[in-house]
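K.L.:
Before anything else, here's the structure in question.
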Amino acid sequence: MTPLTGCLLVSSLLFAVGLAGALTRRNTILVLVGIELMLNAANLNFVAFWRFGHHAGPSTGVIFGLFSIGVAAAEAAVGLALILAVYRHAKTTDLSQLTGRPQ
Amino acid sequence: MRPMSAAFLILAVVTLVGACAAMMLRGLVHCALALAVAFAGIGTLYLSLGAQFLGLAQLLVYVGAIAVLIVFVILLTRGGDSDSPPLAPAALPITGILVAMALFAVLAWAVLHSFAMHPSGQPASPVTVRQLGTDLMAGYVFPLEVIGLMLTAALIGAVIVAMKEKQGTQ
Amino acid sequence: MLDQVFVLLKHWLLGYSPAAIQPAVSILLTIVPILLVFPVLFALTTVLERKGLGRIQNRYGPNRVGFFGILQPLADALKSLTKEDIVPASADRAVHFLAPLVLLAVAFLPYAVLPIGRNMIAANLDAGVLFFFAIGAISELSVFMAGWSSRNKYSLLGAMRAVAQMISYEVPLLLSSIAVIMATGSLSTVEIVEKQAGFSGIFPHWYVLTPWGFAGFILFMISATAETNRSPFDLPEGESEIIAGYYIEYSGFKFALFFLGEYLGMFAISGLGITLFLGGWGAPLPFLTWIPSWIWFFAKLLGLIIGFIWVRGTLPRLRMDQLMSFAWKFMLPMALVIVVAAGAWRFLPLGLTRWLVSVAFIAVAYVLLARGVETRNKTAKRIYRFAE
């Protein structure tokens, strides 16, 4: 088991945990939390390949990770603003009550 | 630094425990705090892999800003004091968990059986901040400007979406 | 020779330890002095603050315990150690217990990147200033943990206010240090101090003696006061407002840990201000360089602490909305203008031109912004009503 394999397994496990949470939890904020975990797992992949793999430029992986962090921050801000707006309208953050289908 | 060392294992375990706790705990604020632990673990993993600027930026942005933002929104949507049951009713959770486990199985198989998994000859030289700055300004200047525009758009958009309407349309 | 006495002491002690454990001993010898010196400085500062505030308010400070009250910290420590540790029944025990620990851990970490003397830095990171700000950002979470876990409306309110304040004032803090980083060309604290080490005539090359550096230093110090929740920005923890804000429900030793964490944060951010603007461990005049570098660092630190105490005793507290509008409407544009002025300073040729251009940028921006913020909150003329 090379170090690269170890890092990739950790990031896959992190991705799977984030996916499980995003699919199962009922609260919208926790779905966003799962999405953030998935983004972080992908970032970890970038850094692992930068460190151990064949790399294009000397700092490509790090720059990718930096831009990914920026995009994730923007997306988290907009997503949370949306959750606030939906809460103000529907008075709840429970996904099962927001789908519009009668339970 | 030998990467499969004890430090890497401890950090990986802390991160994964934090992530699992973030997805499984009952109280919302506990989930957010566990998420902050997971983010900090990932940041420290970056630091141990030699990406110093990225690790510190991860700590600053994710733990210092995004985790705090999530906590704020939890409190603003009254998630802190109500004790709603966390998991969805009966049949649904197992499907999600099965899907995630299947995905992890496929990814792990791909990782373990891939032929590109031998490390290259030279380890990556730790990239200095000066080099990052030069690269950003010389090679990646277009994505830099685009991400500036995107962050501005996201900022304005988030403020407008979350703003209370002056004449309330109910 | 006296300058390097601690470095030589460390190498001498390292020579006595067996080679197998030398890395561990080296780390210990670097960390233990930090862990000892700054809490002792904290103890001295509590006495200094109480006597100083007392004198400003025309009264004696504590003067019962020891000569001029100098042993007061011992009495305080004994009191906080022997007080009963009360945890509210409905409080969240795990988070309530962890909050002071997290705060303390996060309060000690920034000292690793402060150069206390020549060759005396714990970790010469390539991105030292970023490390400092990243750790400072983590401390906001511990403040929130303390306030939320107490299950007390007032403590939660204090915690939210404190976090909002810390986030808002982080932006001018970062922007004013970006001006310094731009002028230096590096994020490493050691390089920033070395860049300010020369003398031209009688004046040192400190950044505070340039127009953008002076304005940046003032902005940095105001943001530092707000970041550490010191008066006049201590609404989240003001004693007369919200009793103790987010640490109401803490008693005894945990309260002492919070206090320690707050003061350590104050010292760390003053240390960063000294590193960025005041030339770190450099002497102010060329004929004073024989005084050891670490003495200069601590002298400047003491000066800044006295400044903090003086401001606390003099200025009234800011209201929350005044605080926030000050940060976003005045300090953020001012910090951006300072970055522009620093750029102008760097690229214009030496001489009168660059002084005039820098000062013009900053003065015009200051006048416009101050006018802009002022006309927003026009208060009515005060009417006095006396008893007839």
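Each chain in the structure tokens gets a letter, A, B, ..., in the order shown, and its residues are numbered from 1; ligands are numbered from 1 in order too.
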For Ser293 in chain C, work out the shell of residues within 7 Å, counting only C-alpha atoms and skipping chain neighbours fewer than 4 positions away, then give it as a list in words.

P.N.:
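Near neighbours after the sequence-gap exclusion: Asp3, Gly117, Arg118, Trp281, Gly282 and Phe297 of chain C.
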
K.L.:
Please write the residues from the selection above to a file, keeping C-alpha atoms, as a short mmCIF file (atom, residue, chain, number, x, y, z; two decimals), in the first residue's frame.

P.N.:
```
data_model
loop_
_atom_site.label_atom_id
_atom_site.label_comp_id
_atom_site.auth_asym_id
_atom_site.auth_seq_id
_atom_site.Cartn_x
_atom_site.Cartn_y
_atom_site.Cartn_z
CA ASP C 3 21.63 39.09 22.34
CA GLY C 117 14.71 38.12 18.99
CA ARG C 118 17.42 37.61 16.43
CA TRP C 281 13.21 43.07 17.49
CA GLY C 282 15.02 46.01 15.87
CA PHE C 297 10.64 43.13 21.54
#
```

K.L.:
When you look at Gly65 in chain A with a cut-off of 9 Å (counting only C-alpha atoms), what residues show up, excluding the ones that are within fewer than 5 positions of it in the same chain? I need them as a PyMOL selection string.

P.N.:
(chain A and resi 42-44+46-47+60+70) or (chain B and resi 54)

K.L.:
Taking 2 positions as the minimum chain separation for residues in the same chain, which residues sit within 10 Å of Leu19 in chain A when counting only C-alpha atoms? Answer as number ranges by chain.

P.N.:
A: 13-17, 21-24, 31, 33-38; B: 23, 96-97, 99-101, 103-104

K.L.:
Excluding Thr128 in chain B and its own-chain neighbours fewer than 6 positions away, which residues fall within 10 Å of it when counting only C-alpha atoms? Please give them as a PyMOL selection string.

P.N.:
(chain A and resi 59) or (chain B and resi 51-53) or (chain C and resi 126-127+186-187)

K.L.:
Could you list the residues in chain A lying within 6 Å of chain B, using only C-alpha atoms, and format the result as a PDB file with N, CA and C atoms, in the first residue's frame?

P.N.:
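Below is the file that was written, selection-v5.pdb:
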```pdb
ATOM      1  N   PRO A   3       1.852   5.280  -0.188  1.00  0.00           N
ATOM      2  CA  PRO A   3       1.260   6.452   0.472  1.00  0.00           C
ATOM      3  C   PRO A   3       0.133   7.058  -0.350  1.00  0.00           C
ATOM      4  N   ALA A  16     -17.533   9.133   0.502  1.00  0.00           N
ATOM      5  CA  ALA A  16     -18.678   8.253   0.730  1.00  0.00           C
ATOM      6  C   ALA A  16     -19.479   8.698   1.948  1.00  0.00           C
ATOM      7  N   LEU A  19     -21.469  11.694   0.966  1.00  0.00           N
ATOM      8  CA  LEU A  19     -22.589  11.314   0.110  1.00  0.00           C
ATOM      9  C   LEU A  19     -23.695  10.677   0.935  1.00  0.00           C
ATOM     10  N   ALA A  20     -23.315   9.780   1.862  1.00  0.00           N
ATOM     11  CA  ALA A  20     -24.319   9.127   2.697  1.00  0.00           C
ATOM     12  C   ALA A  20     -25.118  10.160   3.482  1.00  0.00           C
ATOM     13  N   GLY A  21     -24.401  11.126   4.050  1.00  0.00           N
ATOM     14  CA  GLY A  21     -25.101  12.140   4.823  1.00  0.00           C
ATOM     15  C   GLY A  21     -26.001  12.998   3.967  1.00  0.00           C
ATOM     16  N   LEU A  23     -27.481  12.210   1.280  1.00  0.00           N
ATOM     17  CA  LEU A  23     -28.652  11.490   0.802  1.00  0.00           C
ATOM     18  C   LEU A  23     -29.642  11.168   1.912  1.00  0.00           C
ATOM     19  N   THR A  24     -29.144  11.003   3.147  1.00  0.00           N
ATOM     20  CA  THR A  24     -30.036  10.498   4.191  1.00  0.00           C
ATOM     21  C   THR A  24     -30.624  11.570   5.094  1.00  0.00           C
ATOM     22  N   ARG A  25     -29.865  12.641   5.402  1.00  0.00           N
ATOM     23  CA  ARG A  25     -30.346  13.547   6.421  1.00  0.00           C
ATOM     24  C   ARG A  25     -31.509  14.369   5.907  1.00  0.00           C
ATOM     25  N   ARG A  26     -32.351  14.765   6.875  1.00  0.00           N
ATOM     26  CA  ARG A  26     -33.596  15.434   6.501  1.00  0.00           C
ATOM     27  C   ARG A  26     -33.471  16.944   6.544  1.00  0.00           C
ATOM     28  N   ARG A  51       1.284  15.610  -4.566  1.00  0.00           N
ATOM     29  CA  ARG A  51       2.409  15.229  -3.742  1.00  0.00           C
ATOM     30  C   ARG A  51       3.087  13.964  -4.261  1.00  0.00           C
ATOM     31  N   PHE A  52       2.294  12.983  -4.702  1.00  0.00           N
ATOM     32  CA  PHE A  52       2.882  11.679  -4.990  1.00  0.00           C
ATOM     33  C   PHE A  52       2.856  11.279  -6.443  1.00  0.00           C
ATOM     34  N   GLY A  53       2.037  11.950  -7.242  1.00  0.00           N
ATOM     35  CA  GLY A  53       1.876  11.447  -8.596  1.00  0.00           C
ATOM     36  C   GLY A  53       2.756  12.194  -9.576  1.00  0.00           C
ATOM     37  N   HIS A  54       2.528  11.932 -10.867  1.00  0.00           N
ATOM     38  CA  HIS A  54       3.249  12.661 -11.900  1.00  0.00           C
ATOM     39  C   HIS A  54       2.548  14.000 -12.056  1.00  0.00           C
ATOM     40  N   ALA A  74     -17.805  30.266  -1.930  1.00  0.00           N
ATOM     41  CA  ALA A  74     -18.878  31.022  -2.565  1.00  0.00           C
ATOM     42  C   ALA A  74     -20.163  30.212  -2.597  1.00  0.00           C
ATOM     43  N   VAL A  78     -23.847  31.100  -0.872  1.00  0.00           N
ATOM     44  CA  VAL A  78     -25.105  31.227  -1.604  1.00  0.00           C
ATOM     45  C   VAL A  78     -26.102  30.175  -1.146  1.00  0.00           C
ATOM     46  N   ALA A  81     -27.589  31.174   2.109  1.00  0.00           N
ATOM     47  CA  ALA A  81     -28.542  32.273   1.934  1.00  0.00           C
ATOM     48  C   ALA A  81     -29.869  31.746   1.410  1.00  0.00           C
ATOM     49  N   ALA A  85     -33.604  31.991   3.029  1.00  0.00           N
ATOM     50  CA  ALA A  85     -34.774  32.526   2.335  1.00  0.00           C
ATOM     51  C   ALA A  85     -35.917  31.519   2.353  1.00  0.00           C
TER      52      ALA A  85
END
```

K.L.:
Counting only C-alpha atoms, which residues of chain B fall within 6 Å of chain C, and what is the closest atom pair for each with its distance in Å at one decimal, ordered by chain and rising number, as JSON lines?

P.N.:
```
{"residue": "B:Leu56", "atom": "CA", "partner": "C:Phe131", "partner_atom": "CA", "distance": 5.9}
{"residue": "B:Leu59", "atom": "CA", "partner": "C:Ala134", "partner_atom": "CA", "distance": 5.7}
{"residue": "B:Leu60", "atom": "CA", "partner": "C:Ala134", "partner_atom": "CA", "distance": 4.2}
{"residue": "B:Gly64", "atom": "CA", "partner": "C:Ala137", "partner_atom": "CA", "distance": 4.5}
```

K.L.:
Rounded to one decimal, what separation in Å do you get between CA of Gly245 in chain C and CA of Leu264 in chain C?

P.N.:
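Those two atoms sit 18.9 Å apart.
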
K.L.:
Mind giving me the straight-line distance from CA of Glu249 in chain C to CA of Tyr154 in chain C in Å, one decimal?

P.N.:
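Those two atoms sit 10.2 Å apart.
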
K.L.:
Go through B:Leu149, B:Leu47, B:Val129, B:Val29 and flag the residue nearest Ile29 in chain A, using only C-alpha atoms for the distances.

P.N.:
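With only C-alpha atoms as the atom set, the closest residue is B:Val29.
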
K.L.:
Got a sec to tell me which of chain A DSSP assigns to helix (DSSP H, G or I), as number ranges by chain?

P.N.:
A: 3-24, 28-52, 60-90, 95-98

K.L.:
Which one of C:Ala197, C:Leu302, C:Ala370, C:Leu209 sits closest to Phe326 in chain C if you count only C-alpha atoms?

P.N.:
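That would be C:Ala370, the residue with the smallest distance to Phe326 in chain C.
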
K.L.:
For range 65-81 of chain C, find every residue with an atom within 8 Å (counting only C-alpha atoms), except residues of its own chain fewer than 5 positions away, and show them as a list of chain:residue names.

P.N.:
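Result of the neighbour search: C:Ala43, C:Leu44, C:Thr46, C:Val47, C:Ser251, C:Gly252, C:Phe253, C:Phe255, C:Ala256.
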
K.L.:
Next, dump the selected residues to file, keeping only C-alpha atoms, as a PDB file, in the first residue's frame.

P.N.:
```
ATOM      1  CA  ALA C  43       0.031  37.811  35.528  1.00  0.00           C
ATOM      2  CA  LEU C  44       2.011  41.044  35.477  1.00  0.00           C
ATOM      3  CA  THR C  46      -3.420  41.915  35.267  1.00  0.00           C
ATOM      4  CA  VAL C  47      -1.765  43.880  38.067  1.00  0.00           C
ATOM      5  CA  SER C 251     -16.749  29.819  37.297  1.00  0.00           C
ATOM      6  CA  GLY C 252     -13.481  29.110  38.990  1.00  0.00           C
ATOM      7  CA  PHE C 253     -10.655  27.731  36.973  1.00  0.00           C
ATOM      8  CA  PHE C 255     -13.098  31.393  33.931  1.00  0.00           C
ATOM      9  CA  ALA C 256      -9.436  31.925  34.714  1.00  0.00           C
TER      10      ALA C 256
END
```

K.L.:
What does the distance from CA of Val339 in chain C to CA of Ala179 in chain C come to in Å, to one decimal?

P.N.:
4.8 Å

K.L.:
Using only C-alpha atoms, determine which residues lie at most 12 Å from Phe330 in chain C, disregarding the query and same-chain residues fewer than 6 positions distant; provide the list as a PyMOL selection string.

P.N.:
chain C and resi 168-169+171-172+219+222-223+322-324+336-337+365-374+376

K.L.:
If you keep C-alpha atoms, can you produce a file of those selected residues as a PDB file, in the first residue's frame?

P.N.:
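The resulting result_36.pdb:
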```pdb
ATOM      1  CA  SER C 168     -16.087  41.845  10.752  1.00  0.00           C
ATOM      2  CA  TYR C 169     -12.805  43.119  12.137  1.00  0.00           C
ATOM      3  CA  VAL C 171     -11.104  41.929   7.218  1.00  0.00           C
ATOM      4  CA  PRO C 172      -9.377  45.267   8.004  1.00  0.00           C
ATOM      5  CA  LEU C 219      -6.038  50.393  11.608  1.00  0.00           C
ATOM      6  CA  ILE C 222      -8.050  49.199  16.213  1.00  0.00           C
ATOM      7  CA  SER C 223      -8.872  45.865  14.610  1.00  0.00           C
ATOM      8  CA  GLN C 322     -21.873  51.542  15.697  1.00  0.00           C
ATOM      9  CA  LEU C 323     -19.155  48.914  15.937  1.00  0.00           C
ATOM     10  CA  MET C 324     -20.300  47.060  12.826  1.00  0.00           C
ATOM     11  CA  LEU C 336      -8.200  49.141   0.700  1.00  0.00           C
ATOM     12  CA  VAL C 337      -6.938  52.691   0.189  1.00  0.00           C
ATOM     13  CA  ALA C 365      -9.871  58.822   1.646  1.00  0.00           C
ATOM     14  CA  TYR C 366      -9.964  59.538   5.351  1.00  0.00           C
ATOM     15  CA  VAL C 367     -11.732  62.873   4.930  1.00  0.00           C
ATOM     16  CA  LEU C 368     -14.285  61.463   2.495  1.00  0.00           C
ATOM     17  CA  LEU C 369     -15.022  58.387   4.581  1.00  0.00           C
ATOM     18  CA  ALA C 370     -15.194  60.229   7.863  1.00  0.00           C
ATOM     19  CA  ARG C 371     -17.608  62.715   6.353  1.00  0.00           C
ATOM     20  CA  GLY C 372     -19.609  59.893   4.801  1.00  0.00           C
ATOM     21  CA  VAL C 373     -19.975  57.905   7.985  1.00  0.00           C
ATOM     22  CA  GLU C 374     -20.757  60.972  10.048  1.00  0.00           C
ATOM     23  CA  ARG C 376     -25.345  59.035   8.104  1.00  0.00           C
TER      24      ARG C 376
END
```

K.L.:
Output as an NGL selection string all residues of range 170-335 of chain C that backbone DSSP marks as strand (DSSP E or B).

P.N.:
:C and (199-200 or 203-204)

K.L.:
Applying 12 Å and only C-alpha atoms, which residues near Phe298 in chain C remain after dropping the ones on its own chain fewer than 4 positions away? List them as a list of chain:residue names.

P.N.:
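The residues satisfying every condition are C:Val37, C:Phe38, C:Leu41, C:Leu114, C:Pro115, C:Ile116, C:Gly117, C:Phe267, C:Ala268, C:Ser270, C:Gly271, C:Ile274, C:Thr275, C:Gly280, C:Trp281, C:Gly282, C:Ala283, C:Ile291, C:Pro292, C:Ser293, C:Trp294, C:Leu302, C:Gly303, C:Leu304, C:Ile305.
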